[in-house]
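The file structure-v4.txt comes next; it holds compact mmCIF, C-alpha atoms.
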# COMPACT_ATOMS: atom_id res chain seq x y z
CA MET B 1 -24.33 78.59 -19.71
CA LYS B 2 -21.29 80.14 -18.03
CA ILE B 3 -21.29 83.94 -18.30
CA LEU B 4 -18.23 85.96 -17.28
CA VAL B 5 -19.14 89.56 -16.40
CA ILE B 6 -16.53 92.30 -16.10
CA ASN B 7 -18.04 95.57 -14.91
CA ASN B 8 -16.11 98.82 -14.95
CA ASN B 9 -15.64 99.26 -11.22
CA ALA B 10 -13.46 97.39 -8.76
CA MET B 11 -14.70 95.28 -5.85
CA PHE B 12 -14.20 96.75 -2.38
CA GLU B 13 -13.54 94.60 0.66
CA ASN B 14 -13.78 94.93 4.42
CA GLU B 15 -14.32 92.46 7.27
CA GLN B 16 -18.02 92.14 6.45
CA GLY B 17 -17.78 91.31 2.77
CA LEU B 18 -16.88 92.17 -0.81
CA TYR B 19 -18.90 95.02 -2.31
CA ILE B 20 -19.84 96.43 -5.72
CA PHE B 21 -22.43 98.97 -6.91
CA LYS B 22 -26.01 97.99 -6.07
CA ASN B 23 -27.39 98.10 -9.62
CA THR B 24 -24.56 95.94 -10.93
CA GLY B 25 -25.07 93.43 -8.13
CA GLU B 26 -28.78 93.19 -8.85
CA PHE B 27 -27.99 92.69 -12.55
CA LEU B 28 -25.69 89.76 -11.68
CA LEU B 29 -28.36 88.20 -9.47
CA GLY B 30 -30.91 88.63 -12.25
CA LEU B 31 -28.64 86.73 -14.65
CA LYS B 32 -28.21 83.97 -12.08
CA GLU B 33 -31.97 83.67 -11.61
CA THR B 34 -32.34 82.88 -15.33
CA GLY B 35 -30.34 79.70 -14.71
CA ALA B 36 -26.96 80.95 -15.93
CA GLU B 37 -23.73 80.26 -14.06
CA VAL B 38 -22.48 83.78 -13.39
CA GLU B 39 -18.89 84.75 -12.63
CA THR B 40 -17.72 88.30 -11.98
CA PHE B 41 -14.11 89.38 -12.37
CA HIS B 42 -12.22 92.58 -11.55
CA PHE B 43 -9.66 94.16 -9.24
CA ARG B 44 -10.22 93.99 -5.48
CA MET B 45 -9.43 96.93 -3.19
CA LYS B 46 -9.82 97.92 0.43
CA MET B 47 -12.82 100.07 1.27
CA GLY B 48 -11.87 103.72 0.85
CA GLU B 49 -12.99 107.15 -0.33
CA ASN B 50 -14.03 105.89 -3.77
CA SER B 51 -16.16 103.04 -2.47
CA PHE B 52 -19.12 104.92 -1.00
CA MET B 53 -21.49 103.69 -3.73
CA ALA B 54 -20.45 100.06 -3.32
CA THR B 55 -23.22 98.67 -1.08
CA PHE B 56 -24.02 95.28 -2.63
CA ASN B 57 -22.26 92.41 -0.84
CA LEU B 58 -21.25 89.77 -3.39
CA LEU B 59 -20.62 87.07 -0.82
CA ASN B 60 -23.10 84.24 -0.25
CA LYS B 61 -25.15 85.10 -3.33
CA GLY B 62 -24.33 81.98 -5.36
CA LEU B 63 -22.04 83.95 -7.68
CA LYS B 64 -18.53 82.92 -8.64
CA ILE B 65 -16.09 85.71 -7.73
CA THR B 66 -12.63 86.07 -9.23
CA SER B 67 -10.49 89.05 -8.31
CA VAL B 68 -6.94 90.36 -8.19
CA PHE B 69 -5.91 92.59 -5.29
CA ARG B 70 -4.71 95.94 -6.58
CA ASP B 71 -1.77 97.40 -4.69
CA LYS B 72 0.81 100.07 -5.52
CA PHE B 73 2.52 97.96 -8.21
CA LYS B 74 0.18 99.03 -11.01
CA TYR B 75 1.76 97.28 -14.00
CA ILE B 76 2.37 94.02 -12.14
CA ASN B 77 -1.27 94.11 -11.05
CA TYR B 78 -2.47 94.44 -14.63
CA ILE B 79 -0.20 91.66 -15.93
CA LYS B 80 -1.44 89.33 -13.21
CA ALA B 81 -5.07 90.36 -13.79
CA TYR B 82 -4.91 89.79 -17.55
CA ILE B 83 -3.36 86.35 -17.10
CA ILE B 84 -6.15 85.37 -14.71
CA GLY B 85 -8.77 87.08 -16.87
CA ILE B 86 -7.71 85.07 -19.92
CA LYS B 87 -7.94 81.83 -17.96
CA ARG B 88 -11.45 82.69 -16.76
CA LEU B 89 -12.48 83.77 -20.26
CA LEU B 90 -11.42 80.44 -21.75
CA LYS B 91 -13.54 78.59 -19.19
CA SER B 92 -16.64 80.66 -19.91
CA ASP B 93 -19.26 80.36 -22.63
CA PHE B 94 -19.89 84.10 -22.98
CA LEU B 95 -18.03 87.25 -21.94
CA TYR B 96 -20.01 90.39 -21.08
CA ILE B 97 -17.90 93.46 -20.49
CA PHE B 98 -18.95 96.94 -19.41
CA TYR B 99 -17.42 99.78 -21.46
CA PRO B 100 -15.27 101.87 -20.90
CA ASN B 101 -13.15 99.30 -19.10
CA SER B 102 -9.48 98.68 -18.36
CA PHE B 103 -10.05 95.03 -19.30
CA ILE B 104 -11.56 95.72 -22.72
CA PHE B 105 -8.57 94.04 -24.43
CA LEU B 106 -9.89 90.70 -23.19
CA SER B 107 -12.34 91.14 -26.06
CA MET B 108 -9.43 90.77 -28.45
CA VAL B 109 -8.47 87.54 -26.71
CA ALA B 110 -12.06 86.38 -27.16
CA VAL B 111 -11.78 87.06 -30.90
CA VAL B 112 -8.56 85.03 -31.15
CA PHE B 113 -10.06 82.04 -29.33
CA HIS B 114 -13.49 82.34 -31.00
CA LYS B 115 -15.27 83.05 -27.73
CA PRO B 116 -18.54 84.98 -28.13
CA TYR B 117 -18.73 88.23 -26.19
CA GLY B 118 -20.96 91.20 -25.67
CA ILE B 119 -20.32 94.80 -24.67
CA TYR B 120 -22.43 97.10 -22.52
CA VAL B 121 -21.70 100.71 -23.55
CA ARG B 122 -22.25 103.06 -20.59
CA GLY B 123 -20.43 106.22 -21.68
CA GLU B 124 -19.07 108.19 -24.60
CA GLN B 125 -15.37 108.09 -23.70
CA GLY B 126 -13.33 106.61 -26.56
CA ILE B 127 -16.41 105.35 -28.36
CA GLU B 128 -15.19 106.48 -31.78
CA SER B 129 -11.58 105.29 -31.56
CA ARG B 130 -10.35 102.68 -34.04
CA THR B 131 -9.59 100.25 -31.23
CA SER B 132 -13.08 100.57 -29.78
CA LYS B 133 -14.69 100.13 -33.19
CA PHE B 134 -12.77 96.85 -33.56
CA PHE B 135 -14.17 95.60 -30.25
CA PHE B 136 -17.71 96.69 -31.12
CA LYS B 137 -17.69 95.19 -34.62
CA HIS B 138 -16.55 91.79 -33.38
CA ALA B 139 -19.01 91.64 -30.48
CA ARG B 140 -21.98 89.35 -30.91
CA ILE B 141 -24.15 91.74 -28.90
CA VAL B 142 -23.75 95.43 -28.01
CA LEU B 143 -26.19 96.93 -25.50
CA THR B 144 -26.10 100.63 -24.63
CA VAL B 145 -27.58 103.08 -22.13
CA SER B 146 -29.02 105.35 -24.82
CA PRO B 147 -30.48 105.25 -28.34
CA VAL B 148 -27.74 107.75 -29.26
CA PHE B 149 -25.09 105.12 -28.64
CA THR B 150 -27.28 102.40 -30.16
CA GLU B 151 -27.52 104.31 -33.44
CA LYS B 152 -23.75 104.74 -33.45
CA MET B 153 -23.31 101.00 -32.92
CA LYS B 154 -25.66 100.36 -35.85
CA SER B 155 -23.38 102.50 -38.01
CA TYR B 156 -20.60 100.09 -37.03
CA LYS B 157 -22.80 97.19 -38.24
CA CYS B 158 -23.27 95.81 -34.72
CA LYS B 159 -26.15 93.74 -33.38
CA THR B 160 -27.31 96.31 -30.85
CA ASP B 161 -30.14 97.60 -28.67
CA THR B 162 -30.78 99.97 -25.78
CA ILE B 163 -31.33 98.73 -22.21
CA ARG B 164 -34.03 99.80 -19.79
CA PRO B 165 -32.49 102.37 -17.39
CA MET B 166 -31.00 100.69 -14.33
CA ILE B 167 -32.65 102.98 -11.77
CA ASN B 168 -34.42 102.32 -8.47
CA TYR B 169 -37.69 103.99 -9.48
CA SER B 170 -40.41 103.30 -12.04
CA ILE B 171 -43.32 105.02 -13.76
CA ASP B 172 -45.39 104.20 -10.67
CA ASP B 173 -43.25 106.72 -8.73
CA ILE B 174 -43.95 109.63 -11.08
CA VAL B 175 -45.30 112.64 -9.16
CA LYS B 176 -48.40 114.05 -10.83
CA ASP B 177 -49.67 116.66 -8.37
CA ARG B 178 -46.59 118.71 -7.58
CA LYS B 179 -46.96 122.47 -7.07
CA TYR B 180 -44.51 125.03 -8.47
CA GLU B 181 -44.72 128.15 -6.33
CA ASN B 182 -42.30 130.93 -5.48
CA LYS B 183 -41.42 130.22 -1.86
CA GLY B 184 -39.07 133.15 -1.41
CA VAL B 185 -36.02 130.90 -0.96
CA PHE B 186 -35.30 128.34 -3.66
CA LYS B 187 -33.73 125.00 -2.78
CA LEU B 188 -31.21 123.79 -5.34
CA LEU B 189 -30.09 120.16 -5.37
CA PHE B 190 -26.96 118.45 -6.68
CA LEU B 191 -26.88 114.67 -6.36
CA GLY B 192 -24.01 112.64 -7.72
CA ARG B 193 -20.35 111.76 -7.50
CA ILE B 194 -18.35 114.66 -6.10
CA GLU B 195 -15.72 115.23 -8.74
CA ASN B 196 -14.86 118.13 -10.99
CA GLN B 197 -16.01 116.29 -14.14
CA LYS B 198 -19.58 116.35 -12.82
CA GLY B 199 -19.50 120.14 -12.88
CA ILE B 200 -19.61 120.59 -9.09
CA THR B 201 -16.87 123.26 -9.17
CA ASP B 202 -18.83 125.19 -11.80
CA LEU B 203 -21.91 125.02 -9.59
CA ILE B 204 -20.10 126.33 -6.51
CA MET B 205 -18.64 129.21 -8.54
CA ALA B 206 -22.10 130.00 -9.91
CA ILE B 207 -23.51 130.13 -6.37
CA LYS B 208 -20.66 132.48 -5.37
CA LEU B 209 -21.36 134.74 -8.35
CA LEU B 210 -25.06 134.91 -7.47
CA LYS B 211 -24.30 135.68 -3.84
CA ASP B 212 -21.91 138.46 -4.84
CA SER B 213 -24.71 139.84 -7.04
CA ASN B 214 -26.96 140.04 -3.94
CA VAL B 215 -29.10 137.08 -4.94
CA ASN B 216 -29.96 135.83 -1.46
CA SER B 217 -32.90 133.59 -2.31
CA ILE B 218 -31.07 130.28 -2.91
CA ASN B 219 -29.77 127.37 -0.86
CA LEU B 220 -27.85 124.41 -2.27
CA ASP B 221 -28.04 120.82 -0.97
CA ILE B 222 -25.19 118.54 -2.09
CA ILE B 223 -25.70 114.78 -1.80
CA GLY B 224 -22.85 112.44 -2.62
CA ASP B 225 -19.22 111.67 -2.03
CA GLY B 226 -16.19 111.26 -4.22
CA PRO B 227 -12.53 112.06 -4.84
CA ASP B 228 -12.98 115.85 -4.81
CA ILE B 229 -15.18 116.15 -1.72
CA VAL B 230 -12.42 117.60 0.50
CA THR B 231 -11.48 120.15 -2.16
CA ILE B 232 -15.09 121.20 -2.71
CA LYS B 233 -15.78 121.57 1.02
CA LYS B 234 -12.69 123.75 1.38
CA MET B 235 -13.79 125.78 -1.63
CA VAL B 236 -17.21 126.40 -0.05
CA SER B 237 -15.54 127.45 3.20
CA ASP B 238 -12.99 129.73 1.52
CA LEU B 239 -15.73 131.43 -0.52
CA ASN B 240 -17.85 131.98 2.61
CA LEU B 241 -20.74 129.92 1.28
CA LYS B 242 -21.25 127.60 4.25
CA SER B 243 -24.46 129.41 5.24
CA ILE B 244 -26.14 128.54 1.93
CA VAL B 245 -24.41 125.30 0.85
CA THR B 246 -25.05 122.12 2.85
CA PHE B 247 -23.25 118.80 2.40
CA HIS B 248 -25.34 115.74 3.28
CA GLY B 249 -22.81 113.05 2.39
CA SER B 250 -23.70 109.85 0.59
CA ILE B 251 -27.38 108.89 0.87
CA LEU B 252 -28.39 105.56 -0.64
CA ASP B 253 -31.84 105.06 0.88
CA LYS B 254 -34.28 105.46 -2.01
CA VAL B 255 -37.03 106.96 0.17
CA LYS B 256 -34.71 109.63 1.55
CA ILE B 257 -33.41 110.43 -1.93
CA GLN B 258 -36.97 110.70 -3.21
CA ASP B 259 -37.72 113.17 -0.42
CA TYR B 260 -34.79 115.41 -1.40
CA TYR B 261 -35.95 115.50 -5.02
CA LYS B 262 -39.49 116.43 -3.97
CA LYS B 263 -38.31 119.20 -1.64
CA ALA B 264 -35.89 120.67 -4.18
CA ASP B 265 -37.12 123.48 -6.40
CA ILE B 266 -34.39 122.92 -9.01
CA PHE B 267 -32.05 120.01 -9.75
CA VAL B 268 -28.70 121.23 -11.11
CA PHE B 269 -26.35 118.86 -12.93
CA PRO B 270 -23.75 120.71 -15.09
CA THR B 271 -21.68 117.66 -16.02
CA HIS B 272 -18.76 117.93 -18.45
CA PRO B 273 -18.27 116.44 -21.96
CA ASN B 274 -16.59 113.06 -22.57
CA HIS B 275 -17.83 111.75 -19.26
CA GLU B 276 -21.46 110.72 -19.53
CA GLY B 277 -23.85 108.26 -21.07
CA PHE B 278 -27.25 109.31 -19.76
CA PRO B 279 -27.03 110.07 -16.01
CA ARG B 280 -29.54 108.13 -13.93
CA VAL B 281 -30.13 111.24 -11.78
CA LEU B 282 -31.85 112.92 -14.73
CA TYR B 283 -34.37 110.07 -14.93
CA GLU B 284 -34.92 110.43 -11.18
CA ALA B 285 -35.39 114.20 -11.26
CA MET B 286 -37.92 113.85 -14.09
CA ILE B 287 -39.81 111.13 -12.21
CA PHE B 288 -40.18 113.37 -9.16
CA GLY B 289 -41.06 116.48 -11.12
CA THR B 290 -37.97 118.46 -10.12
CA PRO B 291 -37.12 121.08 -12.78
CA ILE B 292 -33.66 120.44 -14.24
CA ILE B 293 -30.80 122.74 -15.20
CA GLY B 294 -28.00 120.87 -16.95
CA THR B 295 -25.61 120.50 -19.83
CA SER B 296 -26.24 118.61 -23.06
CA VAL B 297 -23.30 116.19 -23.25
CA GLY B 298 -22.96 112.48 -23.91
CA ALA B 299 -26.38 111.03 -24.71
CA ILE B 300 -28.32 113.64 -22.75
CA SER B 301 -29.58 115.47 -25.83
CA TYR B 302 -31.55 112.42 -26.98
CA LEU B 303 -34.22 112.90 -24.30
CA MET B 304 -33.55 116.37 -22.94
CA LYS B 305 -34.60 119.41 -25.00
CA ASP B 306 -33.89 122.97 -23.93
CA LYS B 307 -36.96 124.87 -22.71
CA TYR B 308 -39.12 121.80 -23.29
CA ASN B 309 -38.23 119.39 -20.48
CA TYR B 310 -35.14 121.06 -18.96
CA TYR B 311 -33.00 124.18 -19.08
CA GLU B 312 -29.71 123.82 -20.94
CA VAL B 313 -26.44 125.52 -19.94
CA VAL B 314 -23.00 125.71 -21.51
CA PRO B 315 -20.54 123.13 -20.09
CA LYS B 316 -17.64 124.40 -17.96
CA ASN B 317 -19.10 127.91 -17.80
CA PHE B 318 -20.16 129.00 -14.31
CA GLU B 319 -21.33 132.41 -15.55
CA SER B 320 -23.78 130.74 -17.95
CA LEU B 321 -24.92 128.51 -15.11
CA ALA B 322 -25.43 131.43 -12.72
CA ASN B 323 -27.44 133.35 -15.31
CA LYS B 324 -29.63 130.33 -16.00
CA ILE B 325 -30.33 129.72 -12.31
CA LEU B 326 -31.30 133.38 -11.89
CA ASP B 327 -33.53 133.28 -14.96
CA VAL B 328 -35.32 130.13 -13.75
CA ILE B 329 -36.02 131.43 -10.25
CA ASN B 330 -37.22 134.77 -11.63
CA ASN B 331 -39.66 132.96 -13.90
CA TYR B 332 -40.39 129.95 -11.75
CA GLU B 333 -44.04 129.74 -12.79
CA ASN B 334 -42.82 128.42 -16.16
CA CYS B 335 -41.30 125.39 -14.44
CA ALA B 336 -44.70 123.71 -14.15
CA ILE B 337 -44.83 123.22 -17.92
CA ILE B 338 -41.16 122.17 -18.15
CA ALA B 339 -41.53 119.61 -15.35
CA LYS B 340 -44.78 118.26 -16.78
CA ASN B 341 -43.07 117.71 -20.13
CA ALA B 342 -40.17 116.00 -18.34
CA MET B 343 -42.55 113.62 -16.55
CA LYS B 344 -44.18 112.76 -19.88
CA THR B 345 -40.73 112.19 -21.38
CA VAL B 346 -39.69 109.71 -18.71
CA PHE B 347 -43.10 108.02 -18.69
CA ASP B 348 -43.01 107.43 -22.44
CA TYR B 349 -39.40 106.24 -22.38
CA LEU B 350 -39.83 103.79 -19.51
CA SER B 351 -43.10 102.51 -20.98
CA GLU B 352 -41.26 101.51 -24.16
CA LYS B 353 -38.51 99.71 -22.21
CA LYS B 354 -40.32 97.03 -20.21
CA GLU B 355 -37.63 94.32 -20.38
CA SER B 356 -34.92 94.44 -17.70
CA HIS B 357 -31.25 94.46 -18.65
CA HIS B 358 -30.52 90.86 -17.59
CA ILE B 359 -33.59 89.43 -19.34
CA GLN B 360 -32.74 91.34 -22.51
CA LEU B 361 -29.17 90.05 -22.46
CA ILE B 362 -30.19 86.41 -21.95
CA ARG B 363 -32.79 86.65 -24.72
CA LEU B 364 -30.23 88.04 -27.16
CA ILE B 365 -27.63 85.43 -26.19
CA LYS B 366 -30.14 82.66 -26.87
CA THR B 367 -31.18 84.30 -30.14
CA GLU B 368 -27.72 85.09 -31.46
CA ILE B 369 -25.47 82.40 -30.01
CA VAL B 370 -27.12 79.34 -28.54
Once you've parsed the file, please lay out its structure as structure tokens.
Amino acid sequence: MKILVINNNAMFENEQGLYIFKNTGEFLLGLKETGAEVETFHFRMKMGENSFMATFNLLNKGLKITSVFRDKFKYINYIKAYIIGIKRLLKSDFLYIFYPNSFIFLSMVAVVFHKPYGIYVRGEQGIESRTSKFFFKHARIVLTVSPVFTEKMKSYKCKTDTIRPMINYSIDDIVKDRKYENKGVFKLLFLGRIENQKGITDLIMAIKLLKDSNVNSINLDIIGDGPDIVTIKKMVSDLNLKSIVTFHGSILDKVKIQDYYKKADIFVFPTHPNHEGFPRVLYEAMIFGTPIIGTSVGAISYLMKDKYNYYEVVPKNFESLANKILDVINNYENCAIIAKNAMKTVFDYLSEKKESHHIQLIRLIKTEIV
């Protein structure tokens, strides 16, 4: 079986290879190991500021790679890419496309030529538009990152299911003996893509507000990179927060990341609406017993319940965030119960989802199509 996979991120090239995100690369290899002929298609770009998460080298993996170099001529690039994408689609047996995606209209081509396709729904953006509903309804399979999205797909009469989270940790990594003590200075952690939509600006403003209110018992570690990193660093400098806010850059080593979660007293992730599915960092923070302060957007509310397994804040409101951080550190002894409930939440959820994404997809293809 020839499977054409179109993820929702470009490929990044340098002299050493052609790179995509690690979890996506491992998914492609998993498909290949089932015996499928796997081809991946997308734009190709030079390594740059947006490629820090792309660490999986596609070359020499037995995968077919089709790409179109994206330069400054945006519309010409897309015309060329769609022409090539249609050709590759017609030579495949099954199209699997990550959503949202700039190549989602290839699904319409698949409908015209009676080519079976599936969609992997990763986020909430545009999920209720008429165009998207057309794509979902005509898909043979729709897999999602959350039961919230799965239930919505069911309302569209789709053949659908939820995948096992594509994270680097498992229930075997859950920390069961963590202590929650007032250490005098509380270490806050933000881990993720450095862009305003993730709420990083709100977090910096909250830290400034707390400092101006003479709350001197917090430090913030920021792990990640992204398009707004220069702006955020300047913001921290201009607000005189460099003594309590530390940038660690992009860290991809799972052991080092695990160590940061364990050393952090609070994980803060105030992401904005219309941007999330269910962030993998929330699974990770729960696994390592790090109390969470965050918003309830996208599919987050399915697993996360305020004052049960995390502390909820209002999106895009740094004053709400500052007040919540202060309340948590002033009553930190309560975090033991919150974190314990979070660990139970992630244990129960991962225990129910034993089948990996690639195995689930192949099983459904064989059930529904072959």
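Counting all atoms listed in the file, the residue from B:Met205, B:Leu191, B:Ile84, B:Ala264 that sits nearest to Leu239 in chain B is B:Met205.
Relative to CA of Phe149 in chain B, CA of Gln125 in chain B is found at 11.3 Å.
Closest approach to Arg178 in chain B from the set B:Thr66, B:Thr345, B:Gln16, B:Thr290 is made by B:Thr290, with distances taken over only C-alpha atoms.
Excluding Ile97 in chain B and any residue on its chain fewer than 6 positions from it, the residues at most 8 Å away by all atoms listed in the file are Val5, Ile6, Asn7, Asn8, Ile104, Tyr117, Gly118, Ile119 and Tyr120 of chain B.
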One decimal, Å: what's the distance from CA of Lys61 in chain B over to CA of Leu29 in chain B, could you say?
-> 7.6 Å
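Proximity to Lys198 in chain B was assessed for B:Ile229, B:Cys335, B:Met53, B:Ile362 counting only C-alpha atoms; the smallest distance is recorded for B:Ile229.
The residue that comes closest to Gly35 in chain B, out of B:Ile292, B:Ile300, B:Ile359, B:Ile79 and on the basis of only C-alpha atoms, is B:Ile359.
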CA of Pro273 in chain B and CA of Ser320 in chain B, how far apart in Å?
-> 15.8 Å
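Excluding Val68 in chain B itself and same-chain residues fewer than 2 positions from it, the residues having an atom within 8 Å of it are His42, Phe43, Arg44, Thr66, Arg70, Asn77, Lys80 and Ala81 of chain B, counting all atoms listed in the file.
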Residue neighbourhood Gly25 in chain B, 9 Å, all atoms listed in the file, exclusion window fewer than 4 positions, as a PDB file with C-alpha atoms, in the coordinates of the input:
ATOM      1  CA  TYR B  19     -18.900  95.020  -2.310  1.00  0.00           C
ATOM      2  CA  ILE B  20     -19.840  96.430  -5.720  1.00  0.00           C
ATOM      3  CA  PHE B  21     -22.430  98.970  -6.910  1.00  0.00           C
ATOM      4  CA  LEU B  29     -28.360  88.200  -9.470  1.00  0.00           C
ATOM      5  CA  GLY B  30     -30.910  88.630 -12.250  1.00  0.00           C
ATOM      6  CA  THR B  55     -23.220  98.670  -1.080  1.00  0.00           C
ATOM      7  CA  PHE B  56     -24.020  95.280  -2.630  1.00  0.00           C
ATOM      8  CA  ASN B  57     -22.260  92.410  -0.840  1.00  0.00           C
ATOM      9  CA  LEU B  58     -21.250  89.770  -3.390  1.00  0.00           C
TER      10      LEU B  58
END
Near Thr144 in chain B, counting all atoms listed in the file, which residues have an atom at most 8 Å away, once you skip same-chain residues fewer than 2 positions from it, shown as a PDB file with C-alpha atoms, keeping the file's coordinate frame?
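See around.pdb below for the written result:
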ATOM      1  CA  TYR B 120     -22.430  97.100 -22.520  1.00  0.00           C
ATOM      2  CA  VAL B 121     -21.700 100.710 -23.550  1.00  0.00           C
ATOM      3  CA  ARG B 122     -22.250 103.060 -20.590  1.00  0.00           C
ATOM      4  CA  VAL B 142     -23.750  95.430 -28.010  1.00  0.00           C
ATOM      5  CA  SER B 146     -29.020 105.350 -24.820  1.00  0.00           C
ATOM      6  CA  PRO B 147     -30.480 105.250 -28.340  1.00  0.00           C
ATOM      7  CA  PHE B 149     -25.090 105.120 -28.640  1.00  0.00           C
ATOM      8  CA  THR B 150     -27.280 102.400 -30.160  1.00  0.00           C
ATOM      9  CA  THR B 160     -27.310  96.310 -30.850  1.00  0.00           C
ATOM     10  CA  ASP B 161     -30.140  97.600 -28.670  1.00  0.00           C
ATOM     11  CA  THR B 162     -30.780  99.970 -25.780  1.00  0.00           C
ATOM     12  CA  ILE B 163     -31.330  98.730 -22.210  1.00  0.00           C
TER      13      ILE B 163
END
Rank B:Lys183, B:Lys242, B:Lys154, B:Arg140 by their smallest atom-to-atom distance to Val111 in chain B, using only C-alpha atoms, and report the top residue only.
-> B:Arg140
Go ahead and fit an axis-aligned box to every listed atom of range 20-29 of chain B plus 5 Å each side, and pass me the centre and edge lengths in Å, one decimal, as lines of an AutoDock Vina configuration file.
center_x = -24.3
center_y = 93.6
center_z = -9.1
size_x = 18.9
size_y = 20.8
size_z = 16.8
Tell me, as a PDB file with C-alpha atoms, in the coordinates of the input, which residues lie within 9 Å of Met166 in chain B, counting only C-alpha atoms; anything in the same chain fewer than 5 positions away does not count.
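Wrote around32.pdb, looks like this:
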ATOM      1  CA  ASN B  23     -27.390  98.100  -9.620  1.00  0.00           C
ATOM      2  CA  THR B  24     -24.560  95.940 -10.930  1.00  0.00           C
ATOM      3  CA  PHE B  27     -27.990  92.690 -12.550  1.00  0.00           C
ATOM      4  CA  VAL B 145     -27.580 103.080 -22.130  1.00  0.00           C
ATOM      5  CA  ARG B 280     -29.540 108.130 -13.930  1.00  0.00           C
ATOM      6  CA  SER B 356     -34.920  94.440 -17.700  1.00  0.00           C
ATOM      7  CA  HIS B 357     -31.250  94.460 -18.650  1.00  0.00           C
TER       8      HIS B 357
END
At most 6 Å from (-25.9, 114.2, -9.7), file frame, only C-alpha atoms: which residues, as a short mmCIF file (atom, residue, chain, number, x, y, z; two decimals) with C-alpha atoms, in the frame of the given file?
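Here's the written file part-v7.cif:
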data_model
loop_
_atom_site.label_atom_id
_atom_site.label_comp_id
_atom_site.auth_asym_id
_atom_site.auth_seq_id
_atom_site.Cartn_x
_atom_site.Cartn_y
_atom_site.Cartn_z
CA PHE B 190 -26.96 118.45 -6.68
CA LEU B 191 -26.88 114.67 -6.36
CA GLY B 192 -24.01 112.64 -7.72
CA PHE B 269 -26.35 118.86 -12.93
CA VAL B 281 -30.13 111.24 -11.78
#
